[in-house]
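Next comes entry02.cif, a file with mmCIF, C-alpha atoms.
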```cif
data_upload
#
loop_
_atom_site.group_PDB
_atom_site.id
_atom_site.type_symbol
_atom_site.label_atom_id
_atom_site.label_comp_id
_atom_site.auth_asym_id
_atom_site.auth_seq_id
_atom_site.Cartn_x
_atom_site.Cartn_y
_atom_site.Cartn_z
ATOM 1 C CA MET Q 10 -71.055 -15.050 -27.819
ATOM 2 C CA LEU Q 11 -70.769 -12.227 -25.304
ATOM 3 C CA LEU Q 12 -69.402 -14.618 -22.698
ATOM 4 C CA ARG Q 13 -66.683 -15.881 -25.076
ATOM 5 C CA LYS Q 14 -65.595 -12.297 -25.752
ATOM 6 C CA ARG Q 15 -65.577 -11.581 -22.016
ATOM 7 C CA SER Q 16 -63.507 -14.690 -21.289
ATOM 8 C CA ARG Q 17 -60.924 -13.597 -23.869
ATOM 9 C CA GLY Q 18 -60.938 -10.168 -22.266
ATOM 10 C CA ILE Q 19 -60.225 -11.637 -18.828
ATOM 11 C CA ALA Q 20 -57.388 -13.772 -20.228
ATOM 12 C CA THR Q 21 -55.908 -10.728 -21.968
ATOM 13 C CA VAL Q 22 -56.004 -8.699 -18.741
ATOM 14 C CA ILE Q 23 -54.375 -11.533 -16.754
ATOM 15 C CA GLY Q 24 -51.743 -12.026 -19.473
ATOM 16 C CA GLY Q 25 -51.093 -8.278 -19.608
ATOM 17 C CA VAL Q 26 -50.636 -8.025 -15.831
ATOM 18 C CA LEU Q 27 -48.230 -10.982 -15.806
ATOM 19 C CA LEU Q 28 -46.288 -9.530 -18.737
ATOM 20 C CA ALA Q 29 -46.070 -6.188 -16.935
ATOM 21 C CA ILE Q 30 -44.729 -7.918 -13.791
ATOM 22 C CA ALA Q 31 -42.087 -9.733 -15.853
ATOM 23 C CA LEU Q 32 -41.070 -6.536 -17.649
ATOM 24 C CA LEU Q 33 -40.877 -4.615 -14.368
ATOM 25 C CA ALA Q 34 -38.636 -7.334 -12.879
ATOM 26 C CA ILE Q 35 -36.298 -7.155 -15.886
ATOM 27 C CA ILE Q 36 -36.161 -3.328 -15.783
ATOM 28 C CA ALA Q 37 -35.503 -3.381 -12.014
ATOM 29 C CA LEU Q 38 -32.704 -5.923 -12.559
ATOM 30 C CA TYR Q 39 -31.139 -3.707 -15.226
ATOM 31 C CA PHE Q 40 -31.016 -0.705 -12.883
ATOM 32 C CA TYR Q 41 -29.806 -2.839 -9.957
ATOM 33 C CA LEU Q 42 -26.973 -4.331 -12.040
ATOM 34 C CA GLN Q 43 -26.015 -0.817 -13.148
ATOM 35 C CA TYR Q 44 -25.886 0.241 -9.458
ATOM 36 C CA GLN Q 45 -23.704 -2.788 -8.622
ATOM 37 C CA GLN Q 46 -21.311 -2.007 -11.491
ATOM 38 C CA GLU Q 47 -21.032 1.542 -10.154
ATOM 39 C CA GLN Q 48 -20.194 0.191 -6.677
ATOM 40 C CA ILE Q 49 -17.464 -2.082 -8.107
ATOM 41 C CA LEU Q 50 -15.981 0.816 -10.105
ATOM 42 C CA ASN Q 51 -16.054 3.096 -7.037
ATOM 43 C CA THR Q 52 -14.306 0.439 -4.916
ATOM 44 C CA ALA Q 53 -11.631 -0.099 -7.579
ATOM 45 C CA SER Q 54 -11.005 3.638 -7.924
ATOM 46 C CA GLN Q 55 -10.824 4.110 -4.119
ATOM 47 C CA THR Q 56 -8.332 1.216 -3.883
ATOM 48 C CA ALA Q 57 -6.139 2.720 -6.611
ATOM 49 C CA GLN Q 58 -6.242 6.105 -4.841
ATOM 50 C CA THR Q 59 -5.349 4.598 -1.434
ATOM 51 C CA ARG Q 60 -2.411 2.679 -2.910
ATOM 52 C CA LEU Q 61 -1.169 5.755 -4.705
ATOM 53 C CA GLU Q 62 -1.425 7.751 -1.458
ATOM 54 C CA ALA Q 63 0.730 5.149 0.328
ATOM 55 C CA THR Q 64 3.402 5.502 -2.354
ATOM 56 C CA VAL Q 65 3.285 9.303 -2.143
ATOM 57 C CA LEU Q 66 3.497 9.193 1.681
ATOM 58 C CA ALA Q 67 6.500 6.858 1.404
ATOM 59 C CA LEU Q 68 8.298 9.681 -0.422
ATOM 60 C CA SER Q 69 7.655 12.016 2.517
ATOM 61 C CA LEU Q 70 9.606 9.750 4.883
ATOM 62 C CA ASN Q 71 13.244 10.803 5.030
ATOM 63 C CA ALA Q 72 14.908 7.597 6.215
ATOM 64 C CA SER Q 73 18.588 6.731 6.467
ATOM 65 C CA TYR Q 74 21.033 4.473 8.324
ATOM 66 C CA HIS Q 75 24.576 4.736 9.599
ATOM 67 C CA TYR Q 76 26.747 1.763 10.574
ATOM 68 C CA ASP Q 77 29.436 2.389 13.138
ATOM 69 C CA GLU Q 78 32.071 -0.269 12.474
ATOM 70 C CA PRO Q 79 34.118 0.022 15.738
ATOM 71 C CA THR Q 80 31.068 -0.336 18.005
ATOM 72 C CA ARG Q 81 29.167 -2.651 15.584
ATOM 73 C CA THR Q 82 26.115 -0.464 16.022
ATOM 74 C CA LEU Q 83 23.535 0.365 13.384
ATOM 75 C CA TYR Q 84 21.726 3.695 13.695
ATOM 76 C CA ILE Q 85 18.491 4.179 11.777
ATOM 77 C CA GLU Q 86 16.603 7.440 11.574
ATOM 78 C CA ALA Q 87 13.303 8.198 9.837
ATOM 79 C CA ARG Q 88 11.730 11.651 9.858
ATOM 80 C CA SER Q 89 8.217 12.120 8.587
ATOM 81 C CA SER Q 90 7.305 15.241 6.651
ATOM 82 C CA ALA Q 91 3.891 13.854 5.742
ATOM 83 C CA PRO Q 92 1.008 16.163 6.684
ATOM 84 C CA ARG Q 93 -0.690 13.285 8.505
ATOM 85 C CA ALA Q 94 0.301 10.288 10.583
ATOM 86 C CA VAL Q 95 1.835 7.237 8.935
ATOM 87 C CA ILE Q 96 2.157 3.766 10.437
ATOM 88 C CA ILE Q 97 5.613 2.161 10.318
ATOM 89 C CA THR Q 98 4.938 -1.574 10.263
ATOM 90 C CA SER Q 99 8.305 -3.263 9.859
ATOM 91 C CA LEU Q 100 12.074 -2.957 9.584
ATOM 92 C CA ASP Q 101 13.901 -5.209 7.146
ATOM 93 C CA ILE Q 102 17.676 -5.464 6.811
ATOM 94 C CA ILE Q 103 19.964 -7.510 4.561
ATOM 95 C CA TRP Q 104 23.351 -8.062 6.209
ATOM 96 C CA ALA Q 105 26.723 -8.367 4.548
ATOM 97 C CA ASN Q 106 27.024 -11.988 5.790
ATOM 98 C CA ASN Q 107 24.170 -12.983 3.421
ATOM 99 C CA SER Q 108 21.551 -13.191 6.175
ATOM 100 C CA PHE Q 109 18.620 -10.887 6.798
ATOM 101 C CA THR Q 110 16.375 -9.635 9.597
ATOM 102 C CA ALA Q 111 12.672 -8.850 9.399
ATOM 103 C CA ILE Q 112 11.074 -7.230 12.429
ATOM 104 C CA ASP Q 113 7.344 -6.625 12.730
ATOM 105 C CA ARG Q 114 4.637 -6.357 15.388
ATOM 106 C CA THR Q 115 5.054 -10.035 16.374
ATOM 107 C CA GLN Q 116 8.415 -9.286 18.003
ATOM 108 C CA ASN Q 117 9.507 -7.251 20.995
ATOM 109 C CA LEU Q 118 12.273 -4.791 20.121
ATOM 110 C CA THR Q 119 13.809 -4.815 23.615
ATOM 111 C CA SER Q 120 14.208 -8.601 23.603
ATOM 112 C CA LEU Q 121 15.988 -8.321 20.239
ATOM 113 C CA GLY Q 122 18.461 -5.826 21.725
ATOM 114 C CA ILE Q 123 17.004 -2.966 19.720
ATOM 115 C CA THR Q 124 16.257 0.469 21.147
ATOM 116 C CA ALA Q 125 13.671 2.657 19.453
ATOM 117 C CA THR Q 126 12.430 6.138 20.298
ATOM 118 C CA VAL Q 127 10.043 8.598 18.708
ATOM 119 C CA THR Q 128 11.067 12.235 19.097
ATOM 120 C CA SER Q 129 8.547 15.006 18.702
ATOM 121 C CA LEU Q 130 9.322 18.699 19.386
ATOM 122 C CA GLY Q 131 11.932 17.924 22.002
ATOM 123 C CA SER Q 132 10.070 15.180 23.867
ATOM 124 C CA SER Q 133 10.807 11.529 23.202
ATOM 125 C CA ALA Q 134 9.034 8.261 23.891
ATOM 126 C CA THR Q 135 10.505 4.764 23.955
ATOM 127 C CA ILE Q 136 8.963 2.251 21.566
ATOM 128 C CA THR Q 137 8.872 -1.455 22.404
ATOM 129 C CA GLY Q 138 7.505 -2.771 19.114
ATOM 130 C CA PHE Q 139 5.909 -2.147 15.761
ATOM 131 C CA PRO Q 140 3.659 -0.669 14.479
ATOM 132 C CA VAL Q 141 4.912 2.824 15.228
ATOM 133 C CA VAL Q 142 2.584 5.705 14.463
ATOM 134 C CA LEU Q 143 4.669 8.626 13.237
ATOM 135 C CA GLY Q 144 3.029 12.056 13.244
ATOM 136 C CA PRO Q 145 4.018 15.076 11.134
ATOM 137 C CA GLY Q 146 7.563 16.180 11.945
ATOM 138 C CA GLU Q 147 8.251 13.236 14.262
ATOM 139 C CA THR Q 148 11.462 11.221 14.057
ATOM 140 C CA LEU Q 149 11.860 7.512 14.677
ATOM 141 C CA SER Q 150 15.345 6.545 15.887
ATOM 142 C CA ILE Q 151 16.361 2.885 16.021
ATOM 143 C CA VAL Q 152 19.631 1.578 17.433
ATOM 144 C CA VAL Q 153 20.647 -2.020 16.647
ATOM 145 C CA ARG Q 154 23.601 -3.219 18.734
ATOM 146 C CA ASN Q 155 25.954 -6.121 17.901
ATOM 147 C CA ALA Q 156 25.083 -5.759 14.264
ATOM 148 C CA THR Q 157 27.094 -6.856 11.283
ATOM 149 C CA ARG Q 158 27.472 -4.499 8.339
ATOM 150 C CA PRO Q 159 24.175 -4.010 6.489
ATOM 151 C CA VAL Q 160 24.026 -3.963 2.709
ATOM 152 C CA ALA Q 161 20.458 -2.748 2.441
ATOM 153 C CA ALA Q 162 17.632 -1.789 4.770
ATOM 154 C CA ALA Q 163 14.032 -0.714 4.436
ATOM 155 C CA LEU Q 164 11.078 0.362 6.516
ATOM 156 C CA THR Q 165 7.532 -0.392 5.455
ATOM 157 C CA LEU Q 166 4.745 2.061 6.082
ATOM 158 C CA SER Q 167 1.027 1.662 5.988
ATOM 159 C CA THR Q 168 -1.920 3.979 5.517
ATOM 160 C CA ASP Q 169 -4.213 1.363 7.019
ATOM 161 C CA LEU Q 170 -5.486 -0.107 3.744
ATOM 162 C CA ALA Q 171 -2.331 0.258 1.667
ATOM 163 C CA THR Q 172 1.335 -0.335 2.287
ATOM 164 C CA ALA Q 173 4.632 0.783 0.731
ATOM 165 C CA THR Q 174 8.350 0.140 1.198
ATOM 166 C CA VAL Q 175 10.761 2.955 2.063
ATOM 167 C CA PRO Q 176 14.406 2.060 1.309
ATOM 168 C CA LEU Q 177 16.901 3.552 3.782
ATOM 169 C CA LYS Q 178 19.760 5.636 2.406
ATOM 170 C CA PRO Q 179 23.234 5.083 3.901
ATOM 171 C CA ARG Q 180 24.701 8.176 5.606
ATOM 172 C CA MET Z 29 -79.497 -41.821 -28.921
ATOM 173 C CA HIS Z 30 -77.290 -39.398 -27.105
ATOM 174 C CA ARG Z 31 -76.152 -36.188 -28.729
ATOM 175 C CA LEU Z 32 -72.624 -35.021 -27.978
ATOM 176 C CA ARG Z 33 -72.724 -31.518 -26.501
ATOM 177 C CA GLY Z 34 -69.790 -29.042 -26.176
ATOM 178 C CA ILE Z 35 -68.736 -27.696 -22.801
ATOM 179 C CA SER Z 36 -70.528 -24.641 -21.680
ATOM 180 C CA GLU Z 37 -69.148 -21.175 -22.362
ATOM 181 C CA HIS Z 38 -68.733 -20.593 -18.619
ATOM 182 C CA VAL Z 39 -66.509 -23.618 -18.284
ATOM 183 C CA SER Z 40 -64.467 -22.689 -21.354
ATOM 184 C CA ALA Z 41 -63.957 -19.154 -20.017
ATOM 185 C CA ALA Z 42 -62.862 -20.487 -16.637
ATOM 186 C CA LEU Z 43 -60.520 -23.013 -18.274
ATOM 187 C CA LEU Z 44 -58.936 -20.325 -20.460
ATOM 188 C CA ALA Z 45 -58.429 -18.057 -17.453
ATOM 189 C CA ILE Z 46 -56.894 -20.905 -15.450
ATOM 190 C CA ILE Z 47 -54.554 -21.879 -18.303
ATOM 191 C CA VAL Z 48 -53.416 -18.257 -18.872
ATOM 192 C CA LEU Z 49 -52.969 -17.749 -15.134
ATOM 193 C CA GLY Z 50 -51.093 -21.042 -14.693
ATOM 194 C CA VAL Z 51 -48.731 -20.694 -17.628
ATOM 195 C CA GLY Z 52 -48.242 -16.967 -17.005
ATOM 196 C CA ALA Z 53 -47.487 -17.484 -13.322
ATOM 197 C CA LEU Z 54 -44.962 -20.165 -14.231
ATOM 198 C CA VAL Z 55 -43.213 -17.916 -16.765
ATOM 199 C CA VAL Z 56 -43.249 -14.903 -14.426
ATOM 200 C CA SER Z 57 -41.916 -16.935 -11.490
ATOM 201 C CA ARG Z 58 -39.068 -18.242 -13.679
ATOM 202 C CA ILE Z 59 -38.210 -14.680 -14.771
ATOM 203 C CA ILE Z 60 -38.297 -13.425 -11.154
ATOM 204 C CA ASP Z 61 -36.180 -16.392 -9.982
ATOM 205 C CA ASN Z 62 -33.560 -15.719 -12.655
ATOM 206 C CA THR Z 63 -33.646 -12.001 -11.856
ATOM 207 C CA GLN Z 64 -33.010 -12.737 -8.181
ATOM 208 C CA LEU Z 65 -30.184 -15.133 -9.075
ATOM 209 C CA VAL Z 66 -28.433 -12.585 -11.304
ATOM 210 C CA ALA Z 67 -28.910 -9.859 -8.657
ATOM 211 C CA GLN Z 68 -27.472 -12.163 -5.974
ATOM 212 C CA GLN Z 69 -24.444 -13.005 -8.128
ATOM 213 C CA GLY Z 70 -23.900 -9.282 -8.687
ATOM 214 C CA GLU Z 71 -24.116 -8.654 -4.926
ATOM 215 C CA GLU Z 72 -21.527 -11.390 -4.333
ATOM 216 C CA ASN Z 73 -19.238 -9.735 -6.917
ATOM 217 C CA VAL Z 74 -19.546 -6.405 -5.099
ATOM 218 C CA ILE Z 75 -18.729 -7.985 -1.711
ATOM 219 C CA GLU Z 76 -15.794 -9.934 -3.212
ATOM 220 C CA THR Z 77 -14.406 -6.760 -4.822
ATOM 221 C CA LYS Z 78 -14.682 -4.892 -1.505
ATOM 222 C CA LEU Z 79 -12.991 -7.719 0.420
ATOM 223 C CA ARG Z 80 -10.188 -7.919 -2.146
ATOM 224 C CA SER Z 81 -9.689 -4.157 -2.214
ATOM 225 C CA ILE Z 82 -8.719 -4.005 1.479
ATOM 226 C CA GLN Z 83 -5.837 -6.460 0.976
ATOM 227 C CA ASP Z 84 -2.471 -4.948 0.115
ATOM 228 C CA LEU Z 85 1.038 -6.349 0.151
ATOM 229 C CA THR Z 86 4.465 -4.813 -0.391
ATOM 230 C CA VAL Z 87 7.765 -6.555 -1.007
ATOM 231 C CA ALA Z 88 10.169 -5.251 1.650
ATOM 232 C CA LEU Z 89 13.208 -7.213 0.486
ATOM 233 C CA ALA Z 90 14.072 -9.896 -2.048
ATOM 234 C CA TYR Z 91 17.433 -11.519 -2.735
ATOM 235 C CA ILE Z 92 19.083 -14.858 -3.523
ATOM 236 C CA ASP Z 93 21.631 -16.143 -1.004
ATOM 237 C CA ALA Z 94 24.826 -18.150 -1.602
ATOM 238 C CA ASN Z 95 22.875 -21.464 -1.342
ATOM 239 C CA SER Z 96 20.529 -20.454 -4.175
ATOM 240 C CA VAL Z 97 17.666 -19.840 -1.783
ATOM 241 C CA LEU Z 98 15.364 -16.986 -2.691
ATOM 242 C CA HIS Z 99 14.320 -14.899 0.324
ATOM 243 C CA VAL Z 100 11.336 -12.587 -0.002
ATOM 244 C CA VAL Z 101 9.890 -10.544 2.859
ATOM 245 C CA VAL Z 102 6.393 -9.222 2.289
ATOM 246 C CA VAL Z 103 4.450 -6.929 4.595
ATOM 247 C CA SER Z 104 0.686 -6.575 4.814
ATOM 248 C CA ALA Z 105 -1.391 -3.439 5.361
ATOM 249 C CA GLY Z 106 -4.303 -3.088 7.795
ATOM 250 C CA ALA Z 107 -6.118 -6.256 6.706
ATOM 251 C CA PRO Z 108 -5.080 -9.940 6.563
ATOM 252 C CA VAL Z 109 -3.774 -11.027 3.159
ATOM 253 C CA THR Z 110 -4.210 -14.441 1.538
ATOM 254 C CA ILE Z 111 -1.262 -15.368 -0.676
ATOM 255 C CA GLU Z 112 -2.555 -17.642 -3.415
ATOM 256 C CA ALA Z 113 0.494 -18.326 -5.549
ATOM 257 C CA ILE Z 114 4.196 -17.630 -5.933
ATOM 258 C CA TYR Z 115 5.673 -17.480 -9.423
ATOM 259 C CA VAL Z 116 9.398 -17.501 -10.095
ATOM 260 C CA ASN Z 117 10.351 -16.567 -13.661
ATOM 261 C CA ASN Z 118 6.698 -16.989 -14.658
ATOM 262 C CA THR Z 119 6.594 -20.582 -13.356
ATOM 263 C CA LEU Z 120 4.352 -21.615 -10.476
ATOM 264 C CA TRP Z 121 6.755 -22.150 -7.572
ATOM 265 C CA ASN Z 122 4.418 -22.864 -4.624
ATOM 266 C CA LYS Z 123 5.810 -26.330 -3.888
ATOM 267 C CA GLN Z 124 9.406 -25.115 -3.623
ATOM 268 C CA CYS Z 125 8.512 -22.357 -1.147
ATOM 269 C CA SER Z 126 7.822 -22.152 2.566
ATOM 270 C CA ALA Z 127 6.393 -19.238 4.517
ATOM 271 C CA ARG Z 128 6.808 -18.090 8.115
ATOM 272 C CA LEU Z 129 6.102 -15.019 10.183
ATOM 273 C CA ALA Z 130 8.939 -12.745 11.290
ATOM 274 C CA ASN Z 131 8.835 -14.376 14.759
ATOM 275 C CA GLY Z 132 9.398 -17.824 13.209
ATOM 276 C CA THR Z 133 5.815 -19.136 13.295
ATOM 277 C CA LEU Z 134 5.301 -21.368 10.271
ATOM 278 C CA LEU Z 135 2.525 -20.426 7.868
ATOM 279 C CA PRO Z 136 0.697 -22.903 5.619
ATOM 280 C CA PRO Z 137 2.052 -22.884 2.050
ATOM 281 C CA PRO Z 138 0.188 -21.042 -0.737
ATOM 282 C CA PRO Z 139 -2.675 -20.974 -1.625
ATOM 283 C CA SER Z 140 -3.542 -21.181 2.088
ATOM 284 C CA THR Z 141 -0.976 -18.656 3.352
ATOM 285 C CA VAL Z 142 -2.828 -16.063 5.394
ATOM 286 C CA LEU Z 143 -0.692 -13.185 6.573
ATOM 287 C CA PRO Z 144 -2.166 -11.260 9.532
ATOM 288 C CA TYR Z 145 -2.586 -7.469 9.310
ATOM 289 C CA HIS Z 146 0.517 -5.230 9.670
ATOM 290 C CA ALA Z 147 2.787 -8.291 9.690
ATOM 291 C CA ALA Z 148 5.843 -9.438 7.794
ATOM 292 C CA ALA Z 149 6.041 -12.882 6.201
ATOM 293 C CA ILE Z 150 9.303 -14.479 5.190
ATOM 294 C CA ILE Z 151 9.061 -16.630 2.080
ATOM 295 C CA ASP Z 152 11.991 -18.911 1.272
ATOM 296 C CA CYS Z 153 12.090 -20.681 -2.094
ATOM 297 C CA SER Z 154 14.658 -23.179 -3.391
ATOM 298 C CA LEU Z 155 16.024 -22.200 -6.780
ATOM 299 C CA PRO Z 156 18.052 -24.297 -9.205
ATOM 300 C CA PRO Z 157 21.796 -24.196 -8.349
ATOM 301 C CA GLY Z 158 23.525 -21.274 -9.989
ATOM 302 C CA ALA Z 159 20.406 -19.104 -10.207
ATOM 303 C CA ARG Z 160 21.556 -15.488 -10.171
ATOM 304 C CA ILE Z 161 18.472 -13.455 -10.988
ATOM 305 C CA ALA Z 162 14.817 -14.305 -10.440
ATOM 306 C CA SER Z 163 11.631 -12.519 -11.277
ATOM 307 C CA VAL Z 164 9.162 -13.052 -8.424
ATOM 308 C CA LYS Z 165 5.416 -12.592 -8.613
ATOM 309 C CA LEU Z 166 3.170 -13.061 -5.598
ATOM 310 C CA VAL Z 167 -0.508 -13.419 -6.332
ATOM 311 C CA TYR Z 168 -2.761 -12.497 -3.437
ATOM 312 C CA GLU Z 169 -6.483 -11.910 -3.195
ATOM 313 C CA GLY Z 170 -6.060 -8.128 -3.537
ATOM 314 C CA GLY Z 171 -3.776 -8.244 -6.589
ATOM 315 C CA GLU Z 172 -0.151 -9.006 -7.382
ATOM 316 C CA ALA Z 173 3.224 -7.951 -5.961
ATOM 317 C CA HIS Z 174 6.343 -8.100 -8.098
ATOM 318 C CA ALA Z 175 10.051 -8.036 -7.341
ATOM 319 C CA ILE Z 176 13.337 -8.914 -8.988
ATOM 320 C CA ALA Z 177 15.799 -10.770 -6.780
ATOM 321 C CA LYS Z 178 19.540 -11.008 -7.390
ATOM 322 C CA LYS Z 179 22.226 -13.147 -5.830
ATOM 323 C CA ILE Z 180 24.317 -11.222 -3.315
#
```
Before anything else, please render the file you have as structure tokens.
Amino acid sequence: MLLRKRSRGIATVIGGVLLAIALLAIIALYFYLQYQQEQILNTASQTAQTRLEATVLALSLNASYHYDEPTRTLYIEARSSAPRAVIITSLDIIWANNSFTAIDRTQNLTSLGITATVTSLGSSATITGFPVVLGPGETLSIVVRNATRPVAAALTLSTDLATATVPLKPR
Amino acid sequence: MHRLRGISEHVSAALLAIIVLGVGALVVSRIIDNTQLVAQQGEENVIETKLRSIQDLTVALAYIDANSVLHVVVVSAGAPVTIEAIYVNNTLWNKQCSARLANGTLLPPPPSTVLPYHAAAIIDCSLPPGARIASVKLVYEGGEAHAIAKKI
């Protein structure tokens, strides 16, 4: 009689321990899933913030172009008033003859007949290709020779993880 | 004449303990397995979200030329971007489009178009003759980029 009671007692203890393990696993999973959800939300909010920053920085780039008809030369100028450096990644132009040009880091500006310089507080440096890192107050000047009349042009900038387009205003 | 005798109490206690232990261990191992599986799937979701979040794409220019060819130039940010689909006027348009880098290197068509970091891709799509305006949607792993193109 005593032994039967003891055997039930042992089975109850074993069952209880196993139940506790199962419950602990489920509780741990609940907290872990909550932590993962938090990570996903944080990532999404950081992404939204980075993309918004890129758009705001695009507004701080004062960019324009001037086409000189007699010399068939296109002058592009972009001055950054952003409080930190921005990366100019490409120049894109639609020409009046229905064609377009896209220039990025895969091309050499010199071989395309394009001259580019970055001017900062009186000193200037020649640029041979994109990306161009533009610091606060620096100006990027691009000269495209033998160009037809452009109808629209844009520069794209990047803040490493986000990118935005800056349309150029005609002067 | 033999008398049938029940199993001893020791044996019955041991059998009960073994059965509880066996069944319990099976149930607990199933619960732990499922827990691990769900946790692993969650971890994969987190990694996928992080990988997608670093991809960004902007439409630098979009227009339709005189031959009814839609030209779209997209530029990537600091991470490679996988373009999965191109929609024109809400219709999947992958088969009518080709993609190349700005230097002319051909890229595989979507959904296998991988644009390197800080690079421009030129996407040319054939439109029906007479198309004047097109709504373009590019679906990439980090989201979507939209543009409206007009014939010039």
- [ ] Just need the residues of chain Z within 9 Å of chain Q, counting all atoms listed in the file, so spit them out as a ChimeraX atom specification.
- [x] /Z:37-38,40-42,44-49,52-53,55-57,59-60,63-64,66-67,70-71,73-75,77-78,81-89,91-94,99,101,103-107,129-131,146-150,180
Please write the residues from the selection above to a file, keeping C-alpha atoms, as an mmCIF file, keeping the file's coordinate frame.
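File produced: out13.cif:
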```cif
data_model
loop_
_atom_site.group_PDB
_atom_site.id
_atom_site.type_symbol
_atom_site.label_atom_id
_atom_site.label_comp_id
_atom_site.auth_asym_id
_atom_site.auth_seq_id
_atom_site.Cartn_x
_atom_site.Cartn_y
_atom_site.Cartn_z
ATOM 1 C CA GLU Z 37 -69.148 -21.175 -22.362
ATOM 2 C CA HIS Z 38 -68.733 -20.593 -18.619
ATOM 3 C CA SER Z 40 -64.467 -22.689 -21.354
ATOM 4 C CA ALA Z 41 -63.957 -19.154 -20.017
ATOM 5 C CA ALA Z 42 -62.862 -20.487 -16.637
ATOM 6 C CA LEU Z 44 -58.936 -20.325 -20.460
ATOM 7 C CA ALA Z 45 -58.429 -18.057 -17.453
ATOM 8 C CA ILE Z 46 -56.894 -20.905 -15.450
ATOM 9 C CA ILE Z 47 -54.554 -21.879 -18.303
ATOM 10 C CA VAL Z 48 -53.416 -18.257 -18.872
ATOM 11 C CA LEU Z 49 -52.969 -17.749 -15.134
ATOM 12 C CA GLY Z 52 -48.242 -16.967 -17.005
ATOM 13 C CA ALA Z 53 -47.487 -17.484 -13.322
ATOM 14 C CA VAL Z 55 -43.213 -17.916 -16.765
ATOM 15 C CA VAL Z 56 -43.249 -14.903 -14.426
ATOM 16 C CA SER Z 57 -41.916 -16.935 -11.490
ATOM 17 C CA ILE Z 59 -38.210 -14.680 -14.771
ATOM 18 C CA ILE Z 60 -38.297 -13.425 -11.154
ATOM 19 C CA THR Z 63 -33.646 -12.001 -11.856
ATOM 20 C CA GLN Z 64 -33.010 -12.737 -8.181
ATOM 21 C CA VAL Z 66 -28.433 -12.585 -11.304
ATOM 22 C CA ALA Z 67 -28.910 -9.859 -8.657
ATOM 23 C CA GLY Z 70 -23.900 -9.282 -8.687
ATOM 24 C CA GLU Z 71 -24.116 -8.654 -4.926
ATOM 25 C CA ASN Z 73 -19.238 -9.735 -6.917
ATOM 26 C CA VAL Z 74 -19.546 -6.405 -5.099
ATOM 27 C CA ILE Z 75 -18.729 -7.985 -1.711
ATOM 28 C CA THR Z 77 -14.406 -6.760 -4.822
ATOM 29 C CA LYS Z 78 -14.682 -4.892 -1.505
ATOM 30 C CA SER Z 81 -9.689 -4.157 -2.214
ATOM 31 C CA ILE Z 82 -8.719 -4.005 1.479
ATOM 32 C CA GLN Z 83 -5.837 -6.460 0.976
ATOM 33 C CA ASP Z 84 -2.471 -4.948 0.115
ATOM 34 C CA LEU Z 85 1.038 -6.349 0.151
ATOM 35 C CA THR Z 86 4.465 -4.813 -0.391
ATOM 36 C CA VAL Z 87 7.765 -6.555 -1.007
ATOM 37 C CA ALA Z 88 10.169 -5.251 1.650
ATOM 38 C CA LEU Z 89 13.208 -7.213 0.486
ATOM 39 C CA TYR Z 91 17.433 -11.519 -2.735
ATOM 40 C CA ILE Z 92 19.083 -14.858 -3.523
ATOM 41 C CA ASP Z 93 21.631 -16.143 -1.004
ATOM 42 C CA ALA Z 94 24.826 -18.150 -1.602
ATOM 43 C CA HIS Z 99 14.320 -14.899 0.324
ATOM 44 C CA VAL Z 101 9.890 -10.544 2.859
ATOM 45 C CA VAL Z 103 4.450 -6.929 4.595
ATOM 46 C CA SER Z 104 0.686 -6.575 4.814
ATOM 47 C CA ALA Z 105 -1.391 -3.439 5.361
ATOM 48 C CA GLY Z 106 -4.303 -3.088 7.795
ATOM 49 C CA ALA Z 107 -6.118 -6.256 6.706
ATOM 50 C CA LEU Z 129 6.102 -15.019 10.183
ATOM 51 C CA ALA Z 130 8.939 -12.745 11.290
ATOM 52 C CA ASN Z 131 8.835 -14.376 14.759
ATOM 53 C CA HIS Z 146 0.517 -5.230 9.670
ATOM 54 C CA ALA Z 147 2.787 -8.291 9.690
ATOM 55 C CA ALA Z 148 5.843 -9.438 7.794
ATOM 56 C CA ALA Z 149 6.041 -12.882 6.201
ATOM 57 C CA ILE Z 150 9.303 -14.479 5.190
ATOM 58 C CA ILE Z 180 24.317 -11.222 -3.315
#
```
Please report, as JSON, the centre and edge lengths in Å to one decimal of an axis-aligned box covering all listed atoms of region 154-165 of chain Q with 3 Å per side.
```
{"center_x": 17.5, "center_y": -3.2, "center_z": 10.6, "size_x": 25.9, "size_y": 13.2, "size_z": 22.3}
```
Open item on the list: Which residues would end up in the selection if the PyMOL selection byres ((chain Z and resi 121) around 12) were applied here, given that I need the answer as a count of residues only?
Closed with: 30
TODO: Pick out the residues sitting within 12 Å of region 141-152 of chain Q, and hand them over as a VMD selection string; count only C-alpha atoms, and ignore anything fewer than 6 positions along from it in its own chain.
DONE: (chain Q and resid 66 69 to 77 80 to 100 112 to 114 118 to 119 121 to 135 164 to 169) or (chain Z and resid 146)
- [ ] Determine the residue set returned by the PyMOL selection byres ((chain Z and resi 142) around 6) for the present structure, and present it as number ranges by chain.
- [x] Z: 109-110, 141, 143
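Our summary of the geometry notes that CA of Leu177 (chain Q) is positioned 26.9 Å from CA of Ala159 (chain Z).
Closest approach to Pro136 (chain Z) among Z:Asn95, Z:Glu76, Z:Ile111, Z:Lys179: Z:Ile111, based on all atoms listed in the file.
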